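The data block below is protein_37.txt; it holds compact mmCIF, N, CA and C atoms.
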```txt
# COMPACT_ATOMS: atom_id res chain seq x y z
N MET A 1 13.83 -0.71 -3.38
CA MET A 1 12.80 0.21 -2.95
C MET A 1 12.99 1.54 -3.64
N ILE A 2 11.89 2.15 -4.01
CA ILE A 2 11.90 3.47 -4.61
C ILE A 2 11.20 4.41 -3.65
N GLY A 3 11.82 5.52 -3.33
CA GLY A 3 11.22 6.49 -2.43
C GLY A 3 11.26 7.87 -3.03
N HIS A 4 10.25 8.65 -2.71
CA HIS A 4 10.19 10.02 -3.22
C HIS A 4 9.51 10.90 -2.19
N LEU A 5 10.12 12.02 -1.90
CA LEU A 5 9.56 12.99 -0.97
C LEU A 5 8.69 13.97 -1.75
N LEU A 6 7.41 14.08 -1.38
CA LEU A 6 6.51 15.01 -2.05
C LEU A 6 6.80 16.44 -1.60
N GLU A 7 6.74 17.36 -2.56
CA GLU A 7 6.99 18.76 -2.22
C GLU A 7 5.87 19.34 -1.35
N THR A 8 4.64 18.88 -1.60
CA THR A 8 3.48 19.34 -0.85
C THR A 8 2.87 18.16 -0.11
N PRO A 9 2.71 18.26 1.19
CA PRO A 9 2.11 17.15 1.95
C PRO A 9 0.66 16.90 1.53
N ILE A 10 0.22 15.66 1.70
CA ILE A 10 -1.17 15.30 1.45
C ILE A 10 -1.93 15.47 2.76
N ASN A 11 -2.92 16.33 2.74
CA ASN A 11 -3.76 16.54 3.92
C ASN A 11 -5.16 16.04 3.60
N VAL A 12 -5.60 15.02 4.33
CA VAL A 12 -6.92 14.44 4.10
C VAL A 12 -7.75 14.63 5.36
N SER A 13 -8.88 15.31 5.20
CA SER A 13 -9.77 15.52 6.34
C SER A 13 -10.81 14.40 6.39
N GLU A 14 -11.62 14.40 7.40
CA GLU A 14 -12.66 13.38 7.59
C GLU A 14 -13.66 13.34 6.43
N THR A 15 -13.86 14.49 5.75
CA THR A 15 -14.86 14.54 4.68
C THR A 15 -14.25 14.37 3.29
N ASP A 16 -12.93 14.30 3.19
CA ASP A 16 -12.26 14.15 1.89
C ASP A 16 -12.27 12.70 1.43
N THR A 17 -12.10 12.52 0.13
CA THR A 17 -11.91 11.19 -0.45
C THR A 17 -10.47 11.10 -0.94
N LEU A 18 -9.78 10.05 -0.52
CA LEU A 18 -8.41 9.81 -0.95
C LEU A 18 -8.41 8.61 -1.89
N VAL A 19 -7.83 8.77 -3.08
CA VAL A 19 -7.70 7.68 -4.04
C VAL A 19 -6.21 7.46 -4.30
N VAL A 20 -5.76 6.23 -4.06
CA VAL A 20 -4.38 5.84 -4.34
C VAL A 20 -4.46 4.80 -5.45
N GLN A 21 -3.80 5.07 -6.58
CA GLN A 21 -3.91 4.16 -7.72
C GLN A 21 -2.58 4.09 -8.46
N TYR A 22 -2.18 2.87 -8.83
CA TYR A 22 -1.00 2.70 -9.64
C TYR A 22 -1.05 1.38 -10.39
N GLU A 23 -0.27 1.31 -11.47
CA GLU A 23 -0.28 0.15 -12.35
C GLU A 23 1.05 -0.58 -12.27
N ILE A 24 0.97 -1.93 -12.33
CA ILE A 24 2.18 -2.76 -12.25
C ILE A 24 2.17 -3.74 -13.40
N LYS A 25 3.30 -3.87 -14.07
CA LYS A 25 3.51 -4.90 -15.08
C LYS A 25 4.90 -5.46 -14.85
N LEU A 26 4.97 -6.72 -14.41
CA LEU A 26 6.26 -7.36 -14.18
C LEU A 26 6.78 -7.94 -15.49
N ASP A 27 8.06 -7.75 -15.74
CA ASP A 27 8.69 -8.31 -16.94
C ASP A 27 9.16 -9.74 -16.70
N ASN A 28 9.51 -10.06 -15.48
CA ASN A 28 10.00 -11.39 -15.13
C ASN A 28 9.17 -11.96 -13.99
N SER A 29 9.16 -13.28 -13.88
CA SER A 29 8.39 -13.89 -12.80
C SER A 29 9.01 -13.52 -11.45
N LEU A 30 8.19 -13.53 -10.45
CA LEU A 30 8.59 -13.11 -9.11
C LEU A 30 8.53 -14.30 -8.17
N THR A 31 9.59 -14.48 -7.39
CA THR A 31 9.57 -15.56 -6.40
C THR A 31 9.29 -15.00 -5.01
N CYS A 32 9.76 -13.80 -4.75
CA CYS A 32 9.52 -13.19 -3.45
C CYS A 32 9.76 -11.69 -3.56
N GLY A 33 8.73 -10.92 -3.26
CA GLY A 33 8.89 -9.47 -3.29
C GLY A 33 7.56 -8.77 -3.21
N GLY A 34 7.61 -7.47 -3.12
CA GLY A 34 6.40 -6.68 -3.01
C GLY A 34 6.45 -5.49 -3.94
N ALA A 35 5.29 -4.97 -4.23
CA ALA A 35 5.18 -3.78 -5.07
C ALA A 35 4.19 -2.81 -4.41
N PHE A 36 4.21 -2.79 -3.08
CA PHE A 36 3.29 -1.94 -2.35
C PHE A 36 3.92 -0.58 -2.07
N ILE A 37 3.07 0.39 -1.79
CA ILE A 37 3.54 1.73 -1.46
C ILE A 37 3.30 2.01 0.01
N LYS A 38 4.08 2.92 0.53
CA LYS A 38 3.90 3.38 1.90
C LYS A 38 3.83 4.90 1.86
N LEU A 39 2.76 5.43 2.45
CA LEU A 39 2.67 6.87 2.62
C LEU A 39 3.18 7.18 4.02
N MET A 40 4.14 8.09 4.09
CA MET A 40 4.80 8.42 5.35
C MET A 40 4.39 9.81 5.83
N SER A 41 4.44 9.99 7.13
CA SER A 41 4.16 11.31 7.70
C SER A 41 5.38 12.21 7.52
N GLY A 42 5.17 13.48 7.69
CA GLY A 42 6.26 14.44 7.58
C GLY A 42 7.23 14.36 8.74
N PHE A 43 6.92 13.53 9.74
CA PHE A 43 7.76 13.44 10.92
C PHE A 43 8.82 12.34 10.81
N MET A 44 8.82 11.60 9.70
CA MET A 44 9.76 10.50 9.59
C MET A 44 11.13 10.99 9.16
N ASN A 45 12.13 10.19 9.43
CA ASN A 45 13.49 10.47 9.03
C ASN A 45 13.64 10.09 7.56
N VAL A 46 13.86 11.06 6.69
CA VAL A 46 13.94 10.82 5.24
C VAL A 46 15.10 9.89 4.90
N GLU A 47 16.13 9.83 5.72
CA GLU A 47 17.27 8.93 5.47
C GLU A 47 16.82 7.46 5.46
N VAL A 48 15.72 7.15 6.15
CA VAL A 48 15.21 5.78 6.18
C VAL A 48 14.81 5.33 4.78
N LEU A 49 14.39 6.26 3.92
CA LEU A 49 13.99 5.91 2.55
C LEU A 49 15.16 5.38 1.73
N LYS A 50 16.39 5.70 2.11
CA LYS A 50 17.56 5.24 1.35
C LYS A 50 17.85 3.77 1.56
N HIS A 51 17.38 3.20 2.65
CA HIS A 51 17.61 1.80 2.97
C HIS A 51 16.28 1.20 3.41
N TYR A 52 15.91 0.08 2.76
CA TYR A 52 14.65 -0.54 3.15
C TYR A 52 14.76 -1.06 4.57
N ALA A 53 13.78 -0.75 5.36
CA ALA A 53 13.71 -1.26 6.72
C ALA A 53 12.24 -1.50 7.04
N PRO A 54 11.93 -2.59 7.69
CA PRO A 54 10.52 -2.87 8.00
C PRO A 54 9.96 -2.00 9.12
N ASP A 55 10.72 -1.02 9.57
CA ASP A 55 10.27 -0.15 10.64
C ASP A 55 8.98 0.57 10.23
N THR A 56 8.03 0.63 11.12
CA THR A 56 6.75 1.26 10.80
C THR A 56 6.64 2.69 11.33
N GLU A 57 7.67 3.18 11.97
CA GLU A 57 7.61 4.54 12.51
C GLU A 57 7.47 5.54 11.37
N GLY A 58 6.46 6.39 11.44
CA GLY A 58 6.23 7.39 10.40
C GLY A 58 5.35 6.90 9.27
N VAL A 59 5.01 5.61 9.22
CA VAL A 59 4.17 5.07 8.15
C VAL A 59 2.71 5.34 8.49
N GLU A 60 2.00 5.97 7.57
CA GLU A 60 0.58 6.28 7.78
C GLU A 60 -0.32 5.29 7.05
N LEU A 61 0.13 4.80 5.88
CA LEU A 61 -0.70 3.90 5.08
C LEU A 61 0.20 2.98 4.25
N VAL A 62 -0.19 1.71 4.14
CA VAL A 62 0.49 0.73 3.30
C VAL A 62 -0.56 0.14 2.37
N PHE A 63 -0.24 0.05 1.06
CA PHE A 63 -1.20 -0.51 0.11
C PHE A 63 -0.47 -1.09 -1.09
N GLY A 64 -0.85 -2.30 -1.47
CA GLY A 64 -0.35 -2.89 -2.70
C GLY A 64 0.00 -4.36 -2.55
N PRO A 65 0.36 -4.98 -3.68
CA PRO A 65 0.58 -6.43 -3.70
C PRO A 65 1.90 -6.85 -3.06
N ASP A 66 1.87 -8.04 -2.46
CA ASP A 66 3.04 -8.62 -1.80
C ASP A 66 3.00 -10.12 -2.07
N TYR A 67 4.15 -10.69 -2.44
CA TYR A 67 4.18 -12.12 -2.76
C TYR A 67 5.49 -12.74 -2.28
N CYS A 68 5.39 -13.81 -1.53
CA CYS A 68 6.54 -14.60 -1.13
C CYS A 68 6.02 -16.01 -0.83
N ALA A 69 6.09 -16.86 -1.85
CA ALA A 69 5.52 -18.22 -1.77
C ALA A 69 6.23 -19.04 -0.70
N PRO A 70 5.52 -19.90 -0.02
CA PRO A 70 4.08 -20.12 -0.12
C PRO A 70 3.28 -19.33 0.91
N GLU A 71 3.92 -18.52 1.74
CA GLU A 71 3.22 -17.87 2.85
C GLU A 71 2.38 -16.66 2.46
N ILE A 72 2.88 -15.83 1.55
CA ILE A 72 2.22 -14.56 1.29
C ILE A 72 1.86 -14.43 -0.18
N ASN A 73 0.61 -14.12 -0.47
CA ASN A 73 0.15 -13.79 -1.82
C ASN A 73 -1.10 -12.95 -1.68
N GLY A 74 -0.92 -11.68 -1.36
CA GLY A 74 -2.08 -10.84 -1.12
C GLY A 74 -1.80 -9.37 -1.32
N VAL A 75 -2.86 -8.60 -1.23
CA VAL A 75 -2.75 -7.14 -1.30
C VAL A 75 -2.66 -6.62 0.13
N GLN A 76 -1.52 -6.05 0.45
CA GLN A 76 -1.30 -5.48 1.78
C GLN A 76 -2.12 -4.21 1.94
N PHE A 77 -2.69 -4.05 3.12
CA PHE A 77 -3.35 -2.79 3.47
C PHE A 77 -3.17 -2.59 4.96
N ALA A 78 -2.67 -1.43 5.32
CA ALA A 78 -2.52 -1.07 6.73
C ALA A 78 -2.72 0.43 6.86
N ILE A 79 -3.25 0.82 8.00
CA ILE A 79 -3.45 2.23 8.28
C ILE A 79 -3.03 2.51 9.71
N ASN A 80 -2.45 3.66 9.92
CA ASN A 80 -2.02 4.06 11.25
C ASN A 80 -3.22 4.60 12.01
N LYS A 81 -3.53 3.98 13.13
CA LYS A 81 -4.65 4.40 13.95
C LYS A 81 -4.17 4.67 15.38
N VAL A 82 -4.84 5.58 16.05
CA VAL A 82 -4.53 5.89 17.44
C VAL A 82 -5.49 5.10 18.32
N ASP A 83 -4.94 4.35 19.25
CA ASP A 83 -5.74 3.57 20.20
C ASP A 83 -6.51 4.53 21.09
N LYS A 84 -7.81 4.32 21.22
CA LYS A 84 -8.67 5.22 22.00
C LYS A 84 -8.38 5.17 23.49
N ILE A 85 -7.82 4.06 23.97
CA ILE A 85 -7.54 3.92 25.41
C ILE A 85 -6.13 4.37 25.74
N THR A 86 -5.14 3.82 25.03
CA THR A 86 -3.74 4.12 25.34
C THR A 86 -3.23 5.38 24.64
N HIS A 87 -3.94 5.83 23.61
CA HIS A 87 -3.55 6.99 22.80
C HIS A 87 -2.24 6.77 22.06
N GLU A 88 -1.86 5.50 21.90
CA GLU A 88 -0.65 5.17 21.15
C GLU A 88 -1.00 4.95 19.69
N SER A 89 -0.13 5.41 18.82
CA SER A 89 -0.30 5.25 17.39
C SER A 89 0.27 3.89 16.97
N LYS A 90 -0.50 3.14 16.15
CA LYS A 90 -0.05 1.83 15.74
C LYS A 90 -0.54 1.52 14.33
N LEU A 91 0.32 0.89 13.53
CA LEU A 91 -0.04 0.48 12.18
C LEU A 91 -0.87 -0.80 12.27
N ARG A 92 -2.08 -0.76 11.76
CA ARG A 92 -2.99 -1.91 11.84
C ARG A 92 -3.20 -2.48 10.44
N TYR A 93 -2.88 -3.78 10.28
CA TYR A 93 -2.95 -4.46 8.98
C TYR A 93 -4.28 -5.19 8.80
N LEU A 94 -4.75 -5.22 7.57
CA LEU A 94 -5.90 -6.03 7.19
C LEU A 94 -5.55 -7.49 7.42
N GLN A 95 -6.40 -8.23 8.11
CA GLN A 95 -6.10 -9.61 8.48
C GLN A 95 -6.25 -10.59 7.32
N GLU A 96 -7.27 -10.42 6.48
CA GLU A 96 -7.48 -11.33 5.36
C GLU A 96 -7.29 -10.56 4.06
N MET A 97 -6.12 -10.78 3.44
CA MET A 97 -5.76 -10.04 2.25
C MET A 97 -6.38 -10.66 1.00
N PRO A 98 -6.89 -9.84 0.07
CA PRO A 98 -7.30 -10.38 -1.23
C PRO A 98 -6.07 -10.84 -2.01
N LEU A 99 -6.24 -11.80 -2.93
CA LEU A 99 -5.10 -12.29 -3.73
C LEU A 99 -4.50 -11.16 -4.54
N SER A 100 -3.16 -11.20 -4.68
CA SER A 100 -2.45 -10.09 -5.32
C SER A 100 -2.42 -10.14 -6.84
N LYS A 101 -2.46 -11.32 -7.44
CA LYS A 101 -2.31 -11.50 -8.90
C LYS A 101 -0.94 -11.06 -9.38
N LEU A 102 0.00 -10.88 -8.48
CA LEU A 102 1.32 -10.37 -8.82
C LEU A 102 2.16 -11.37 -9.61
N THR A 103 1.85 -12.65 -9.53
CA THR A 103 2.64 -13.65 -10.24
C THR A 103 2.29 -13.75 -11.72
N ASP A 104 1.21 -13.11 -12.15
CA ASP A 104 0.80 -13.14 -13.56
C ASP A 104 1.58 -12.07 -14.33
N THR A 105 2.62 -12.49 -15.06
CA THR A 105 3.45 -11.53 -15.78
C THR A 105 2.93 -11.22 -17.18
N SER A 106 1.86 -11.88 -17.62
CA SER A 106 1.33 -11.64 -18.96
C SER A 106 0.39 -10.45 -19.02
N GLN A 107 0.04 -9.92 -17.86
CA GLN A 107 -0.94 -8.85 -17.83
C GLN A 107 -0.48 -7.70 -16.93
N SER A 108 -1.07 -6.56 -17.19
CA SER A 108 -0.84 -5.37 -16.37
C SER A 108 -1.94 -5.33 -15.30
N HIS A 109 -1.59 -4.89 -14.10
CA HIS A 109 -2.54 -4.85 -12.99
C HIS A 109 -2.64 -3.43 -12.44
N LEU A 110 -3.86 -2.95 -12.32
CA LEU A 110 -4.12 -1.62 -11.79
C LEU A 110 -4.72 -1.79 -10.39
N TYR A 111 -4.00 -1.29 -9.39
CA TYR A 111 -4.44 -1.38 -7.99
C TYR A 111 -5.00 -0.02 -7.57
N THR A 112 -6.20 -0.04 -6.99
CA THR A 112 -6.85 1.19 -6.57
C THR A 112 -7.36 1.05 -5.13
N LEU A 113 -7.07 2.04 -4.32
CA LEU A 113 -7.59 2.12 -2.95
C LEU A 113 -8.38 3.41 -2.85
N ILE A 114 -9.61 3.32 -2.38
CA ILE A 114 -10.46 4.50 -2.19
C ILE A 114 -10.82 4.59 -0.72
N ASN A 115 -10.49 5.71 -0.11
CA ASN A 115 -10.83 5.96 1.29
C ASN A 115 -11.80 7.13 1.33
N GLN A 116 -13.02 6.83 1.78
CA GLN A 116 -14.04 7.87 1.88
C GLN A 116 -14.73 7.75 3.22
N ARG A 117 -14.57 8.77 4.06
CA ARG A 117 -15.18 8.81 5.39
C ARG A 117 -14.85 7.54 6.20
N SER A 118 -13.59 7.18 6.24
CA SER A 118 -13.08 6.03 7.01
C SER A 118 -13.57 4.68 6.50
N LEU A 119 -14.16 4.63 5.31
CA LEU A 119 -14.52 3.38 4.66
C LEU A 119 -13.54 3.16 3.51
N PHE A 120 -13.06 1.92 3.36
CA PHE A 120 -12.05 1.63 2.36
C PHE A 120 -12.58 0.66 1.33
N LYS A 121 -12.23 0.90 0.07
CA LYS A 121 -12.62 0.02 -1.02
C LYS A 121 -11.37 -0.30 -1.85
N PHE A 122 -11.20 -1.59 -2.19
CA PHE A 122 -10.07 -2.02 -3.02
C PHE A 122 -10.59 -2.42 -4.39
N LEU A 123 -9.89 -2.03 -5.42
CA LEU A 123 -10.23 -2.45 -6.79
C LEU A 123 -8.97 -2.99 -7.44
N LEU A 124 -9.11 -4.09 -8.17
CA LEU A 124 -8.00 -4.66 -8.93
C LEU A 124 -8.49 -4.87 -10.35
N THR A 125 -7.87 -4.18 -11.29
CA THR A 125 -8.23 -4.29 -12.70
C THR A 125 -7.09 -4.96 -13.43
N VAL A 126 -7.41 -5.97 -14.24
CA VAL A 126 -6.39 -6.70 -14.98
C VAL A 126 -6.58 -6.41 -16.47
N ARG A 127 -5.47 -6.08 -17.15
CA ARG A 127 -5.50 -5.82 -18.59
C ARG A 127 -4.50 -6.73 -19.27
N ARG A 128 -4.93 -7.37 -20.34
CA ARG A 128 -4.01 -8.18 -21.13
C ARG A 128 -3.25 -7.24 -22.07
N LEU A 129 -1.94 -7.40 -22.11
CA LEU A 129 -1.10 -6.59 -22.98
C LEU A 129 -0.76 -7.38 -24.23
N TRP A 130 -1.04 -6.83 -25.36
CA TRP A 130 -0.75 -7.54 -26.63
C TRP A 130 0.51 -7.05 -27.24
```
The structure given in the file should be rewritten as structure tokens.
Amino acid sequence: MIGHLLETPINVSETDTLVVQYEIKLDNSLTCGGAFIKLMSGFMNVEVLKHYAPDTEGVELVFGPDYCAPEINGVQFAINKVDKITHESKLRYLQEMPLSKLTDTSQSHLYTLINQRSLFKFLLTVRRLW
């Protein structure tokens, strides 16, 4: 896992557009692993970044490819939402993930998430590398 603390927090209001985009090119085939990112709140314990843990406390957004045959081959997406009744914060995952294309090592993959006014759009661009 790679973690980095941003010097300036990302503040997104209801009217802002947030674009998360990154490119992945695997050099070797993958049997089980992920290349997704997690955006964390400023309230999380930074020491958690030193050791991977599936704990969702402090996670605001999850996005990117995940592969572990034969169960998982999709683009993970989750967002932290507050329940309107209980007022508890909970990470909610997309139930039907689009295919990740992560097993294709011959090409570079550009993953893009666009959040505009609580609507989300996923884009996956594939480029052949010569």
- What does the distance from atom C of Tyr22 (chain A) to atom N of Val82 (chain A) come to in Å, to one decimal?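 Calculated distance between atom C of Tyr22 (chain A) and atom N of Val82 (chain A) is 27.0 Å.
Close to (-6.1, -10.1, -6.0), meaning no more than 12 Å away when counting only C-alpha atoms, sit the residues Gly64, Pro65, Asp66, Tyr67, Ile72, Asn73, Gly74, Val75, Gln76, Glu96, Met97, Pro98, Leu99, Ser100, Lys101, Leu102, Thr103, Asp104, His109, Leu110, Tyr111, Thr112, Phe122, Leu123, Leu124, Thr125 and Val126 of chain A.
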Next on the checklist: My list of candidates is A:Glu57, A:Val62, A:Leu18, A:Lys81. Which is closest to Phe36 (chain A) when distances are computed with only N, CA and C atoms?
Outcome noted: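 Among A:Glu57, A:Val62, A:Leu18, A:Lys81, it is A:Val62 that comes nearest to Phe36 (chain A).
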Next item on the list: Tell me, as a ChimeraX atom specification, which residues lie within 6 Å of region 90-94 of chain A, counting all atoms listed in the file; anything in the same chain fewer than 4 positions away does not count.
Entry: /A:77-83
All file atoms of region 23-42 of chain A boxed axis-aligned, 6 Å per side, centre plus edges, as AutoDock Vina command-line options:
```
--center_x 4.9 --center_y -0.6 --center_z -4.1 --size_x 22.3 --size_y 42.0 --size_z 37.7
```
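Relative to atom N of Gly34 (chain A), atom C of Cys68 (chain A) is found at 9.0 Å.
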Checklist line | Those in chain A with strand (DSSP E or B) from DSSP, as an NGL selection string | finding: :A and (17-24 or 32-34 or 37-40 or 59-68 or 72-82 or 89-93 or 107-116 or 119-128)
What separation in Å, quoted to one decimal, exists between CA of Val12 (chain A) and CA of Leu119 (chain A)?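 One can read the CA of Val12 (chain A) to CA of Leu119 (chain A) distance as 13.4 Å.
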Requested in this report: Excluding Thr15 (chain A) and residues on its chain fewer than 6 positions from it, collect all residues at most 8 Å away from it, counting only N, CA and C atoms, and give them as number ranges by chain.
Outcome: A: 115-118
Exercise for review: Could you give me the residues within chain A that DSSP places in helix (DSSP H, G or I), as a PyMOL selection string?
Suggested key: chain A and resi 46-50
